[in-house]
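K.L.:
So I've got this file, run14.cif, and it contains mmCIF, C-alpha atoms and all ligand atoms:
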```
data_model
#
loop_
_atom_site.label_atom_id
_atom_site.label_comp_id
_atom_site.auth_asym_id
_atom_site.auth_seq_id
_atom_site.Cartn_x
_atom_site.Cartn_y
_atom_site.Cartn_z
CA MET T 1 -30.71 -4.29 -10.11
CA SER T 2 -29.91 -7.37 -8.06
CA VAL T 3 -31.38 -7.87 -4.60
CA LEU T 4 -28.72 -6.80 -2.15
CA ASP T 5 -27.51 -8.93 0.71
CA PRO T 6 -27.96 -6.73 3.77
CA HIS T 7 -25.04 -8.52 5.44
CA ALA T 8 -22.55 -8.04 2.62
CA VAL T 9 -19.33 -6.35 3.66
CA LEU T 10 -18.66 -5.18 0.11
CA GLN T 11 -21.02 -4.48 -2.76
CA LEU T 12 -20.02 -3.19 -6.16
CA GLN T 13 -22.93 -2.06 -8.29
CA ASP T 14 -22.38 -1.54 -12.03
CA VAL T 15 -18.90 -0.09 -11.51
CA HIS T 16 -17.26 1.54 -14.53
CA LYS T 17 -13.75 2.92 -14.86
CA LEU T 18 -12.14 4.55 -17.87
CA PHE T 19 -8.58 5.71 -18.44
CA GLY T 20 -9.07 8.06 -21.37
CA ASP T 21 -10.69 5.92 -24.10
CA ASN T 22 -9.70 2.70 -22.34
CA HIS T 23 -12.87 1.33 -20.73
CA VAL T 24 -11.19 -0.83 -18.11
CA LEU T 25 -14.13 -1.77 -15.86
CA LYS T 26 -17.34 -2.23 -17.85
CA GLY T 27 -20.08 -2.61 -15.27
CA VAL T 28 -18.81 -4.81 -12.47
CA ASP T 29 -21.33 -6.19 -9.94
CA LEU T 30 -19.78 -8.03 -7.02
CA GLU T 31 -20.65 -8.84 -3.43
CA VAL T 32 -18.42 -10.16 -0.68
CA ALA T 33 -20.22 -11.53 2.39
CA SER T 34 -18.92 -11.36 5.92
CA HIS T 35 -16.18 -14.01 6.51
CA GLU T 36 -16.08 -14.83 2.81
CA VAL T 37 -12.86 -15.20 0.80
CA VAL T 38 -13.34 -14.15 -2.81
CA VAL T 39 -10.45 -14.60 -5.24
CA VAL T 40 -10.28 -12.67 -8.51
CA ILE T 41 -8.43 -14.29 -11.40
CA GLY T 42 -8.00 -13.21 -15.00
CA ALA T 43 -5.44 -12.34 -17.66
CA SER T 44 -3.01 -9.49 -17.30
CA GLY T 45 -4.88 -6.30 -18.16
CA SER T 46 -8.35 -7.71 -17.42
CA GLY T 47 -8.85 -5.07 -14.70
CA LYS T 48 -8.14 -6.92 -11.43
CA SER T 49 -5.83 -4.27 -9.94
CA THR T 50 -8.04 -1.43 -11.09
CA LEU T 51 -10.96 -3.13 -9.37
CA MET T 52 -9.00 -3.36 -6.11
CA ARG T 53 -7.86 0.25 -6.42
CA THR T 54 -11.38 1.59 -6.88
CA ILE T 55 -12.43 -0.12 -3.64
CA ASN T 56 -9.59 1.53 -1.74
CA LEU T 57 -10.53 4.84 -3.43
CA ILE T 58 -7.14 5.16 -5.11
CA GLU T 59 -9.07 5.31 -8.39
CA GLN T 60 -12.37 7.13 -8.70
CA VAL T 61 -15.20 5.23 -10.37
CA ASP T 62 -16.76 6.85 -13.42
CA ASP T 63 -20.13 5.24 -12.87
CA GLY T 64 -21.83 2.88 -10.42
CA ARG T 65 -21.19 2.73 -6.70
CA ILE T 66 -19.37 0.79 -4.01
CA LEU T 67 -20.84 0.07 -0.59
CA LEU T 68 -18.78 -0.92 2.45
CA SER T 69 -21.02 -2.50 5.09
CA GLY T 70 -23.88 -0.57 3.50
CA ASP T 71 -22.12 2.83 3.33
CA ASP T 72 -21.70 4.34 -0.13
CA ILE T 73 -17.96 5.00 -0.17
CA THR T 74 -18.08 6.38 -3.72
CA ASP T 75 -20.32 9.22 -2.58
CA PRO T 76 -18.25 12.40 -3.14
CA ARG T 77 -19.01 13.40 0.46
CA ALA T 78 -17.41 10.21 1.85
CA ASP T 79 -14.37 10.79 4.06
CA VAL T 80 -11.58 9.02 2.13
CA ASP T 81 -9.23 8.61 5.10
CA LYS T 82 -12.02 7.18 7.21
CA VAL T 83 -13.00 4.72 4.48
CA ARG T 84 -9.37 3.61 4.07
CA SER T 85 -9.03 3.10 7.81
CA ARG T 86 -11.80 0.47 7.56
CA ILE T 87 -9.97 -1.54 4.88
CA GLY T 88 -6.67 -3.43 5.24
CA VAL T 89 -4.63 -3.38 2.05
CA VAL T 90 -1.58 -5.34 0.93
CA PHE T 91 -0.05 -4.83 -2.50
CA GLN T 92 2.52 -6.70 -4.55
CA HIS T 93 5.35 -4.61 -3.12
CA PHE T 94 5.43 -4.53 0.62
CA ASN T 95 5.86 -0.76 0.95
CA LEU T 96 7.39 -0.97 4.40
CA PHE T 97 9.26 2.11 5.58
CA PRO T 98 12.97 1.17 5.45
CA HIS T 99 13.97 3.58 8.22
CA MET T 100 11.42 2.20 10.71
CA ARG T 101 11.67 -0.99 12.75
CA VAL T 102 9.21 -3.78 12.01
CA ILE T 103 7.07 -2.99 15.05
CA ASP T 104 6.88 0.70 14.16
CA ASN T 105 5.89 -0.13 10.58
CA VAL T 106 3.19 -2.43 11.90
CA THR T 107 1.75 0.01 14.43
CA LEU T 108 2.11 3.36 12.64
CA ALA T 109 -1.42 3.59 11.22
CA ALA T 110 -2.94 2.18 14.40
CA ARG T 111 -1.29 4.96 16.41
CA ARG T 112 -1.68 7.84 13.94
CA VAL T 113 -5.00 7.08 12.27
CA HIS T 114 -6.88 5.00 14.83
CA LYS T 115 -5.37 6.83 17.82
CA ILE T 116 -4.68 3.55 19.61
CA PRO T 117 -2.31 4.17 22.55
CA ALA T 118 1.27 3.23 21.60
CA ALA T 119 1.61 0.57 24.31
CA ASP T 120 -1.61 -1.16 23.26
CA ALA T 121 -0.66 -1.04 19.58
CA ARG T 122 2.77 -2.46 20.38
CA ALA T 123 1.31 -5.28 22.48
CA ARG T 124 -1.07 -6.28 19.71
CA GLY T 125 1.69 -5.93 17.09
CA VAL T 126 4.08 -8.15 19.03
CA ASP T 127 1.31 -10.70 19.61
CA LEU T 128 0.43 -10.92 15.90
CA LEU T 129 4.06 -10.94 14.74
CA THR T 130 4.78 -13.76 17.18
CA ARG T 131 1.72 -15.68 16.08
CA PHE T 132 2.91 -15.49 12.48
CA GLY T 133 6.47 -16.58 13.15
CA LEU T 134 8.07 -13.14 13.24
CA GLY T 135 8.50 -12.77 16.99
CA ASP T 136 12.27 -12.45 16.66
CA LYS T 137 12.00 -9.70 14.01
CA VAL T 138 10.03 -7.16 16.05
CA ASP T 139 12.91 -4.70 16.42
CA ASP T 140 14.67 -5.39 13.10
CA TYR T 141 14.67 -3.07 10.12
CA PRO T 142 12.87 -4.39 7.00
CA ASP T 143 16.05 -4.84 4.94
CA ARG T 144 17.15 -7.57 7.37
CA LEU T 145 14.10 -9.65 6.41
CA SER T 146 13.44 -11.90 3.43
CA GLY T 147 10.78 -10.88 0.91
CA GLY T 148 8.36 -13.41 2.37
CA GLN T 149 8.95 -12.10 5.88
CA GLN T 150 8.47 -8.52 4.70
CA GLN T 151 5.22 -9.44 3.03
CA ARG T 152 4.03 -11.14 6.23
CA VAL T 153 4.88 -7.95 8.13
CA ALA T 154 2.80 -5.98 5.61
CA ILE T 155 -0.11 -8.34 6.23
CA VAL T 156 0.22 -7.97 10.01
CA ARG T 157 0.17 -4.20 9.51
CA ALA T 158 -3.01 -4.52 7.46
CA ILE T 159 -4.85 -6.60 10.06
CA LEU T 160 -3.66 -4.81 13.20
CA THR T 161 -6.85 -2.80 13.62
CA ASP T 162 -9.28 -5.56 12.60
CA PRO T 163 -10.42 -4.05 9.29
CA GLU T 164 -13.86 -4.92 7.95
CA LEU T 165 -12.30 -6.02 4.66
CA LEU T 166 -8.85 -7.15 3.55
CA LEU T 167 -7.77 -6.37 -0.01
CA LEU T 168 -4.82 -8.47 -1.15
CA ASP T 169 -3.53 -7.55 -4.60
CA GLU T 170 -1.01 -9.98 -6.10
CA ILE T 171 0.76 -10.27 -2.80
CA THR T 172 3.00 -13.14 -3.91
CA SER T 173 3.90 -11.89 -7.42
CA ALA T 174 7.17 -10.26 -6.40
CA LEU T 175 8.36 -13.19 -4.28
CA ASP T 176 10.78 -15.95 -5.11
CA PRO T 177 8.79 -19.17 -5.55
CA GLN T 178 10.20 -20.73 -2.37
CA LEU T 179 8.86 -17.80 -0.31
CA VAL T 180 5.32 -17.91 -1.65
CA GLY T 181 4.19 -20.74 0.64
CA GLU T 182 4.78 -18.93 3.92
CA VAL T 183 2.70 -15.94 2.78
CA LEU T 184 -0.10 -18.15 1.55
CA ASP T 185 -0.10 -20.07 4.85
CA LEU T 186 -0.67 -16.78 6.63
CA VAL T 187 -3.62 -15.93 4.39
CA ARG T 188 -5.06 -19.37 5.10
CA SER T 189 -4.89 -18.71 8.83
CA LEU T 190 -6.63 -15.36 8.36
CA LYS T 191 -9.39 -17.18 6.54
CA ASP T 192 -9.65 -19.68 9.38
CA ALA T 193 -9.88 -16.78 11.83
CA GLY T 194 -12.89 -15.42 9.93
CA SER T 195 -11.45 -12.49 7.96
CA THR T 196 -13.37 -11.12 4.99
CA ILE T 197 -10.97 -11.10 2.05
CA LEU T 198 -10.98 -9.99 -1.57
CA MET T 199 -7.81 -11.12 -3.27
CA ALA T 200 -6.38 -10.96 -6.79
CA THR T 201 -3.84 -13.65 -7.56
CA HIS T 202 -2.07 -15.57 -10.30
CA GLU T 203 -1.57 -18.57 -7.99
CA MET T 204 -4.28 -20.97 -9.12
CA SER T 205 -3.38 -23.65 -6.59
CA PHE T 206 -3.78 -21.10 -3.84
CA ALA T 207 -7.06 -19.83 -5.28
CA ARG T 208 -8.31 -23.40 -5.14
CA GLY T 209 -7.11 -23.91 -1.58
CA VAL T 210 -8.41 -20.74 0.01
CA ALA T 211 -11.31 -19.35 -2.04
CA ASP T 212 -14.94 -19.70 -1.09
CA ARG T 213 -15.68 -18.22 -4.49
CA ILE T 214 -13.58 -17.52 -7.56
CA VAL T 215 -14.41 -14.65 -9.88
CA PHE T 216 -13.05 -14.71 -13.43
CA MET T 217 -12.49 -11.28 -14.96
CA HIS T 218 -12.26 -10.89 -18.70
CA GLN T 219 -11.83 -7.58 -20.51
CA GLY T 220 -13.25 -5.51 -17.68
CA ARG T 221 -16.22 -7.72 -16.88
CA ILE T 222 -16.91 -10.61 -14.53
CA LEU T 223 -17.43 -13.36 -17.04
CA GLU T 224 -18.26 -16.09 -14.57
CA GLN T 225 -17.96 -16.91 -10.88
CA GLY T 226 -18.50 -19.90 -8.64
CA SER T 227 -16.83 -22.40 -6.35
CA PRO T 228 -13.19 -23.34 -7.10
CA GLU T 229 -14.42 -26.63 -8.58
CA GLU T 230 -16.93 -24.88 -10.84
CA ILE T 231 -14.49 -22.31 -12.18
CA LEU T 232 -11.21 -24.24 -12.25
CA ASP T 233 -12.49 -27.71 -13.16
CA HIS T 234 -15.72 -27.05 -15.06
CA PRO T 235 -15.58 -23.53 -16.53
CA ARG T 236 -18.59 -22.68 -18.67
CA GLU T 237 -16.99 -19.98 -20.80
CA GLU T 238 -14.47 -20.48 -23.58
CA ALA T 239 -12.40 -17.48 -22.40
CA THR T 240 -12.09 -19.03 -18.93
CA ARG T 241 -10.95 -22.34 -20.43
CA GLU T 242 -8.37 -20.56 -22.58
CA PHE T 243 -7.04 -18.56 -19.64
CA LEU T 244 -6.79 -21.64 -17.43
CA SER T 245 -5.01 -23.72 -20.04
CA ARG T 246 -2.48 -20.91 -20.45
CA VAL T 247 -1.74 -20.45 -16.75
CA MET T 248 -1.81 -24.14 -15.87
CA HIS T 249 0.79 -25.01 -18.50
CA ARG T 250 3.17 -22.15 -17.80
N1 LIG K 301 -3.30 4.60 -13.91
C1 LIG K 301 -3.59 4.13 -15.12
N2 LIG K 301 -3.62 4.95 -16.19
C2 LIG K 301 -3.95 4.49 -17.41
N3 LIG K 301 -4.26 3.21 -17.69
C3 LIG K 301 -4.26 2.34 -16.65
C4 LIG K 301 -3.92 2.74 -15.33
N4 LIG K 301 -4.00 1.66 -14.51
C5 LIG K 301 -4.38 0.63 -15.30
N5 LIG K 301 -4.51 1.02 -16.58
C6 LIG K 301 -4.95 0.15 -17.70
O1 LIG K 301 -6.07 -0.56 -17.28
C7 LIG K 301 -6.07 -1.89 -17.83
C8 LIG K 301 -6.25 -2.90 -16.70
O2 LIG K 301 -5.10 -2.88 -15.87
P1 LIG K 301 -5.05 -3.64 -14.47
O3 LIG K 301 -3.73 -3.32 -13.87
O4 LIG K 301 -6.27 -3.36 -13.70
O5 LIG K 301 -5.08 -5.16 -14.95
P2 LIG K 301 -4.75 -6.48 -14.14
O6 LIG K 301 -5.80 -7.45 -14.50
O7 LIG K 301 -4.58 -6.17 -12.71
O8 LIG K 301 -3.37 -6.91 -14.77
P3 LIG K 301 -2.10 -7.66 -14.07
O9 LIG K 301 -2.53 -9.07 -13.85
O10 LIG K 301 -1.02 -7.53 -15.11
O11 LIG K 301 -1.78 -6.92 -12.80
C9 LIG K 301 -4.79 -2.01 -18.63
O12 LIG K 301 -5.12 -1.78 -19.96
C10 LIG K 301 -3.92 -0.90 -18.07
O13 LIG K 301 -3.03 -0.44 -19.05
#
```
Translate the structure of the given file into structure tokens.
P.N.:
Amino acid sequence: MSVLDPHAVLQLQDVHKLFGDNHVLKGVDLEVASHEVVVVIGASGSGKSTLMRTINLIEQVDDGRILLSGDDITDPRADVDKVRSRIGVVFQHFNLFPHMRVIDNVTLAARRVHKIPAADARARGVDLLTRFGLGDKVDDYPDRLSGGQQQRVAIVRAILTDPELLLLDEITSALDPQLVGEVLDLVRSLKDAGSTILMATHEMSFARGVADRIVFMHQGRILEQGSPEEILDHPREEATREFLSRVMHR
């Protein structure tokens, strides 16, 4: 077993996941250090989403373990709600509640799960929304917002309580191309503010711009990982080269 970084926010050790006979994660080892931005790339079906979902305990691992700041969150005795409250998650679809105003969407978990007083949660929500260009949307309902604005609201919701780790799974895939930039700008400012982020994306230019490290997944394994230059410009593996030539010429 590898020597573990005692400061790692996230550690996956030999994680396996099967859906029936389909061995989707075949022994994944991965560490994310504090303040690090790690971007996972790979073909459709390579296991990126499943990887993210095991970390948020939506999927149970079949073997191996996952540590969050040293705590084994795959231990059957782990408190799932407590683990989830330590991780901010944004998925492809924004999943905002349509009947709730933006500010209520943003502060719901802070109030209900973290028991932050409503006035404090609102103040922090308004501050973050304003900082990210949504100050005039605080009291709107989500259907009045563009897809990019809704996704930025979902990100504000995810960071409201300062989670230890942010999981961003294909957060721009459902957006019109002209709306992608504003969401990516927000992620860049989270990086600059020191967030620890694990992100799966198909946006190679964004991966290059924001990643400290890129991880290439292939058929349920991490085939190679390194700096954006190493992986995107000088990949060692044939499968990585094939994948990149496909996505770059799309
Ligand atoms: N809930 C599930 N039940 C059964 N099979 C699943 C389930 N979720 C994922 N799979 C299978 O696991 C494999 C990996 O899927 P996953 O969604 O993790 O890939 P991905 O790399 O995220 O793909 P994409 O880029 O298209 O999102 C696929 O073969 C998929 O069919």
K.L.:
Taking all atoms listed in the file into account, which of T:Arg111, T:Phe19, T:Gln92, T:Leu168 comes nearest T:Asn56?
P.N.:
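Between T:Arg111, T:Phe19, T:Gln92, T:Leu168, the residue approaching T:Asn56 most closely is T:Leu168.
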K.L.:
Please identify the residues whose atoms come within 9 Å of ligand LIG 301 (chain K), using all atoms listed in the file, and report them as a ChimeraX atom specification.
P.N.:
/T:17-20,22-25,41-53,59,169-170,200-202,217-220
K.L.:
Taking C-alpha atoms for each residue, export the selection above as an mmCIF file, in the coordinates of the input.
P.N.:
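Below you can see selection-v8.cif, which holds the result:
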```cif
data_model
loop_
_atom_site.group_PDB
_atom_site.id
_atom_site.type_symbol
_atom_site.label_atom_id
_atom_site.label_comp_id
_atom_site.auth_asym_id
_atom_site.auth_seq_id
_atom_site.Cartn_x
_atom_site.Cartn_y
_atom_site.Cartn_z
ATOM 1 C CA LYS T 17 -13.750 2.920 -14.860
ATOM 2 C CA LEU T 18 -12.140 4.550 -17.870
ATOM 3 C CA PHE T 19 -8.580 5.710 -18.440
ATOM 4 C CA GLY T 20 -9.070 8.060 -21.370
ATOM 5 C CA ASN T 22 -9.700 2.700 -22.340
ATOM 6 C CA HIS T 23 -12.870 1.330 -20.730
ATOM 7 C CA VAL T 24 -11.190 -0.830 -18.110
ATOM 8 C CA LEU T 25 -14.130 -1.770 -15.860
ATOM 9 C CA ILE T 41 -8.430 -14.290 -11.400
ATOM 10 C CA GLY T 42 -8.000 -13.210 -15.000
ATOM 11 C CA ALA T 43 -5.440 -12.340 -17.660
ATOM 12 C CA SER T 44 -3.010 -9.490 -17.300
ATOM 13 C CA GLY T 45 -4.880 -6.300 -18.160
ATOM 14 C CA SER T 46 -8.350 -7.710 -17.420
ATOM 15 C CA GLY T 47 -8.850 -5.070 -14.700
ATOM 16 C CA LYS T 48 -8.140 -6.920 -11.430
ATOM 17 C CA SER T 49 -5.830 -4.270 -9.940
ATOM 18 C CA THR T 50 -8.040 -1.430 -11.090
ATOM 19 C CA LEU T 51 -10.960 -3.130 -9.370
ATOM 20 C CA MET T 52 -9.000 -3.360 -6.110
ATOM 21 C CA ARG T 53 -7.860 0.250 -6.420
ATOM 22 C CA GLU T 59 -9.070 5.310 -8.390
ATOM 23 C CA ASP T 169 -3.530 -7.550 -4.600
ATOM 24 C CA GLU T 170 -1.010 -9.980 -6.100
ATOM 25 C CA ALA T 200 -6.380 -10.960 -6.790
ATOM 26 C CA THR T 201 -3.840 -13.650 -7.560
ATOM 27 C CA HIS T 202 -2.070 -15.570 -10.300
ATOM 28 C CA MET T 217 -12.490 -11.280 -14.960
ATOM 29 C CA HIS T 218 -12.260 -10.890 -18.700
ATOM 30 C CA GLN T 219 -11.830 -7.580 -20.510
ATOM 31 C CA GLY T 220 -13.250 -5.510 -17.680
#
```
K.L.:
Contacts of T:Leu186 at 7 Å or less, counting all atoms listed in the file, minus same-chain residues fewer than 4 places along, as an NGL selection string?
P.N.:
:T and (132 or 182 or 190)
K.L.:
Using only C-alpha atoms, which protein or nucleic acid residues come within 12 Å of T:Arg112? Drop anything in the same chain fewer than 4 positions from it, and give the result as a PyMOL selection string.
P.N.:
chain T and resi 81+85+104-108+116-118+121+161
K.L.:
Report the distance between atom CA of T:Ala158 and atom CA of T:Val90 in Å, rounded to one decimal place.
P.N.:
6.7 Å
K.L.:
Identify which of the residues T:Thr196, T:Ser205, T:Gln11, T:Asn95 lies closest to T:Arg152, counting all atoms listed in the file when measuring atom-to-atom distances.
P.N.:
T:Asn95
K.L.:
What does the distance between atom CA of T:Tyr141 and atom CA of T:Val89 come to in Å, to one decimal place?
P.N.:
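Here the two named atoms are 20.9 Å from each other.
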K.L.:
Which residues are close to T:Val183, i.e. within 10 Å by only C-alpha atoms, leaving aside same-chain residues fewer than 2 positions away? Reply as a PDB file with C-alpha atoms, in the coordinates of the input.
P.N.:
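Written out: result_7.pdb:
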```
ATOM      1  CA  PHE T 132       2.910 -15.490  12.480  1.00  0.00           C
ATOM      2  CA  GLY T 147      10.780 -10.880   0.910  1.00  0.00           C
ATOM      3  CA  GLY T 148       8.360 -13.410   2.370  1.00  0.00           C
ATOM      4  CA  GLN T 149       8.950 -12.100   5.880  1.00  0.00           C
ATOM      5  CA  GLN T 150       8.470  -8.520   4.700  1.00  0.00           C
ATOM      6  CA  GLN T 151       5.220  -9.440   3.030  1.00  0.00           C
ATOM      7  CA  ARG T 152       4.030 -11.140   6.230  1.00  0.00           C
ATOM      8  CA  VAL T 153       4.880  -7.950   8.130  1.00  0.00           C
ATOM      9  CA  ILE T 155      -0.110  -8.340   6.230  1.00  0.00           C
ATOM     10  CA  ILE T 171       0.760 -10.270  -2.800  1.00  0.00           C
ATOM     11  CA  THR T 172       3.000 -13.140  -3.910  1.00  0.00           C
ATOM     12  CA  LEU T 175       8.360 -13.190  -4.280  1.00  0.00           C
ATOM     13  CA  LEU T 179       8.860 -17.800  -0.310  1.00  0.00           C
ATOM     14  CA  VAL T 180       5.320 -17.910  -1.650  1.00  0.00           C
ATOM     15  CA  GLY T 181       4.190 -20.740   0.640  1.00  0.00           C
ATOM     16  CA  ASP T 185      -0.100 -20.070   4.850  1.00  0.00           C
ATOM     17  CA  LEU T 186      -0.670 -16.780   6.630  1.00  0.00           C
ATOM     18  CA  VAL T 187      -3.620 -15.930   4.390  1.00  0.00           C
ATOM     19  CA  ARG T 188      -5.060 -19.370   5.100  1.00  0.00           C
TER      20      ARG T 188
END
```
K.L.:
Enter the distance from atom CA of T:Phe206 to atom CA of T:Val32, in Å, rounded to one decimal.
P.N.:
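Interatomic distance here is 18.5 Å.
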K.L.:
Restricting the calculation to only C-alpha atoms, which member of T:Ile222, T:Leu57, T:Ala239, T:Ile197 is positioned closest to T:Ala33?
P.N.:
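Closest residue, counting only C-alpha atoms: T:Ile197.
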K.L.:
Set the distance at 12 Å and use all atoms listed in the file: which residues neighbour stretch 224-237 of chain T once local chain neighbours fewer than 6 positions away are removed? I'd like the list as a ChimeraX atom specification.
P.N.:
/T:28-31,36-42,203-218,243-245,247-248
K.L.:
Restricting it to C-alpha atoms, dump the selection as a PDB file, in the frame of the given file.
P.N.:
```pdb
ATOM      1  CA  VAL T  28     -18.810  -4.810 -12.470  1.00  0.00           C
ATOM      2  CA  ASP T  29     -21.330  -6.190  -9.940  1.00  0.00           C
ATOM      3  CA  LEU T  30     -19.780  -8.030  -7.020  1.00  0.00           C
ATOM      4  CA  GLU T  31     -20.650  -8.840  -3.430  1.00  0.00           C
ATOM      5  CA  GLU T  36     -16.080 -14.830   2.810  1.00  0.00           C
ATOM      6  CA  VAL T  37     -12.860 -15.200   0.800  1.00  0.00           C
ATOM      7  CA  VAL T  38     -13.340 -14.150  -2.810  1.00  0.00           C
ATOM      8  CA  VAL T  39     -10.450 -14.600  -5.240  1.00  0.00           C
ATOM      9  CA  VAL T  40     -10.280 -12.670  -8.510  1.00  0.00           C
ATOM     10  CA  ILE T  41      -8.430 -14.290 -11.400  1.00  0.00           C
ATOM     11  CA  GLY T  42      -8.000 -13.210 -15.000  1.00  0.00           C
ATOM     12  CA  GLU T 203      -1.570 -18.570  -7.990  1.00  0.00           C
ATOM     13  CA  MET T 204      -4.280 -20.970  -9.120  1.00  0.00           C
ATOM     14  CA  SER T 205      -3.380 -23.650  -6.590  1.00  0.00           C
ATOM     15  CA  PHE T 206      -3.780 -21.100  -3.840  1.00  0.00           C
ATOM     16  CA  ALA T 207      -7.060 -19.830  -5.280  1.00  0.00           C
ATOM     17  CA  ARG T 208      -8.310 -23.400  -5.140  1.00  0.00           C
ATOM     18  CA  GLY T 209      -7.110 -23.910  -1.580  1.00  0.00           C
ATOM     19  CA  VAL T 210      -8.410 -20.740   0.010  1.00  0.00           C
ATOM     20  CA  ALA T 211     -11.310 -19.350  -2.040  1.00  0.00           C
ATOM     21  CA  ASP T 212     -14.940 -19.700  -1.090  1.00  0.00           C
ATOM     22  CA  ARG T 213     -15.680 -18.220  -4.490  1.00  0.00           C
ATOM     23  CA  ILE T 214     -13.580 -17.520  -7.560  1.00  0.00           C
ATOM     24  CA  VAL T 215     -14.410 -14.650  -9.880  1.00  0.00           C
ATOM     25  CA  PHE T 216     -13.050 -14.710 -13.430  1.00  0.00           C
ATOM     26  CA  MET T 217     -12.490 -11.280 -14.960  1.00  0.00           C
ATOM     27  CA  HIS T 218     -12.260 -10.890 -18.700  1.00  0.00           C
ATOM     28  CA  PHE T 243      -7.040 -18.560 -19.640  1.00  0.00           C
ATOM     29  CA  LEU T 244      -6.790 -21.640 -17.430  1.00  0.00           C
ATOM     30  CA  SER T 245      -5.010 -23.720 -20.040  1.00  0.00           C
ATOM     31  CA  VAL T 247      -1.740 -20.450 -16.750  1.00  0.00           C
ATOM     32  CA  MET T 248      -1.810 -24.140 -15.870  1.00  0.00           C
TER      33      MET T 248
END
```
K.L.:
Which residue, T:Leu145, T:Thr240, T:Arg157, T:Arg246, has the smallest gap to T:Arg122 when you use all atoms listed in the file?
P.N.:
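Nearest candidate to T:Arg122 out of T:Leu145, T:Thr240, T:Arg157, T:Arg246: T:Arg157.
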K.L.:
Using only C-alpha atoms, which of the listed residues (T:Ile159, T:Leu198, T:Met100, T:Ile55) sits closest to T:Thr74?
P.N.:
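Using only C-alpha atoms, the shortest distance to T:Thr74 belongs to T:Ile55.
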K.L.:
Smallest atom-to-atom distance to T:Arg65: which of T:Asp120, T:Asp14, T:Asp79, T:Asp140, using all atoms listed in the file?
P.N.:
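So, comparing all the options, the nearest one is T:Asp14.
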K.L.:
Taking 4 positions as the minimum chain separation for residues in the same chain, which residues sit within 6 Å of T:His16 when counting all atoms listed in the file? Answer as a PDB file with C-alpha atoms, keeping the file's coordinate frame.
P.N.:
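Written output follows (result.pdb):
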```
ATOM      1  CA  LEU T  25     -14.130  -1.770 -15.860  1.00  0.00           C
ATOM      2  CA  LYS T  26     -17.340  -2.230 -17.850  1.00  0.00           C
ATOM      3  CA  GLY T  27     -20.080  -2.610 -15.270  1.00  0.00           C
ATOM      4  CA  VAL T  61     -15.200   5.230 -10.370  1.00  0.00           C
ATOM      5  CA  ASP T  62     -16.760   6.850 -13.420  1.00  0.00           C
ATOM      6  CA  ASP T  63     -20.130   5.240 -12.870  1.00  0.00           C
TER       7      ASP T  63
END
```
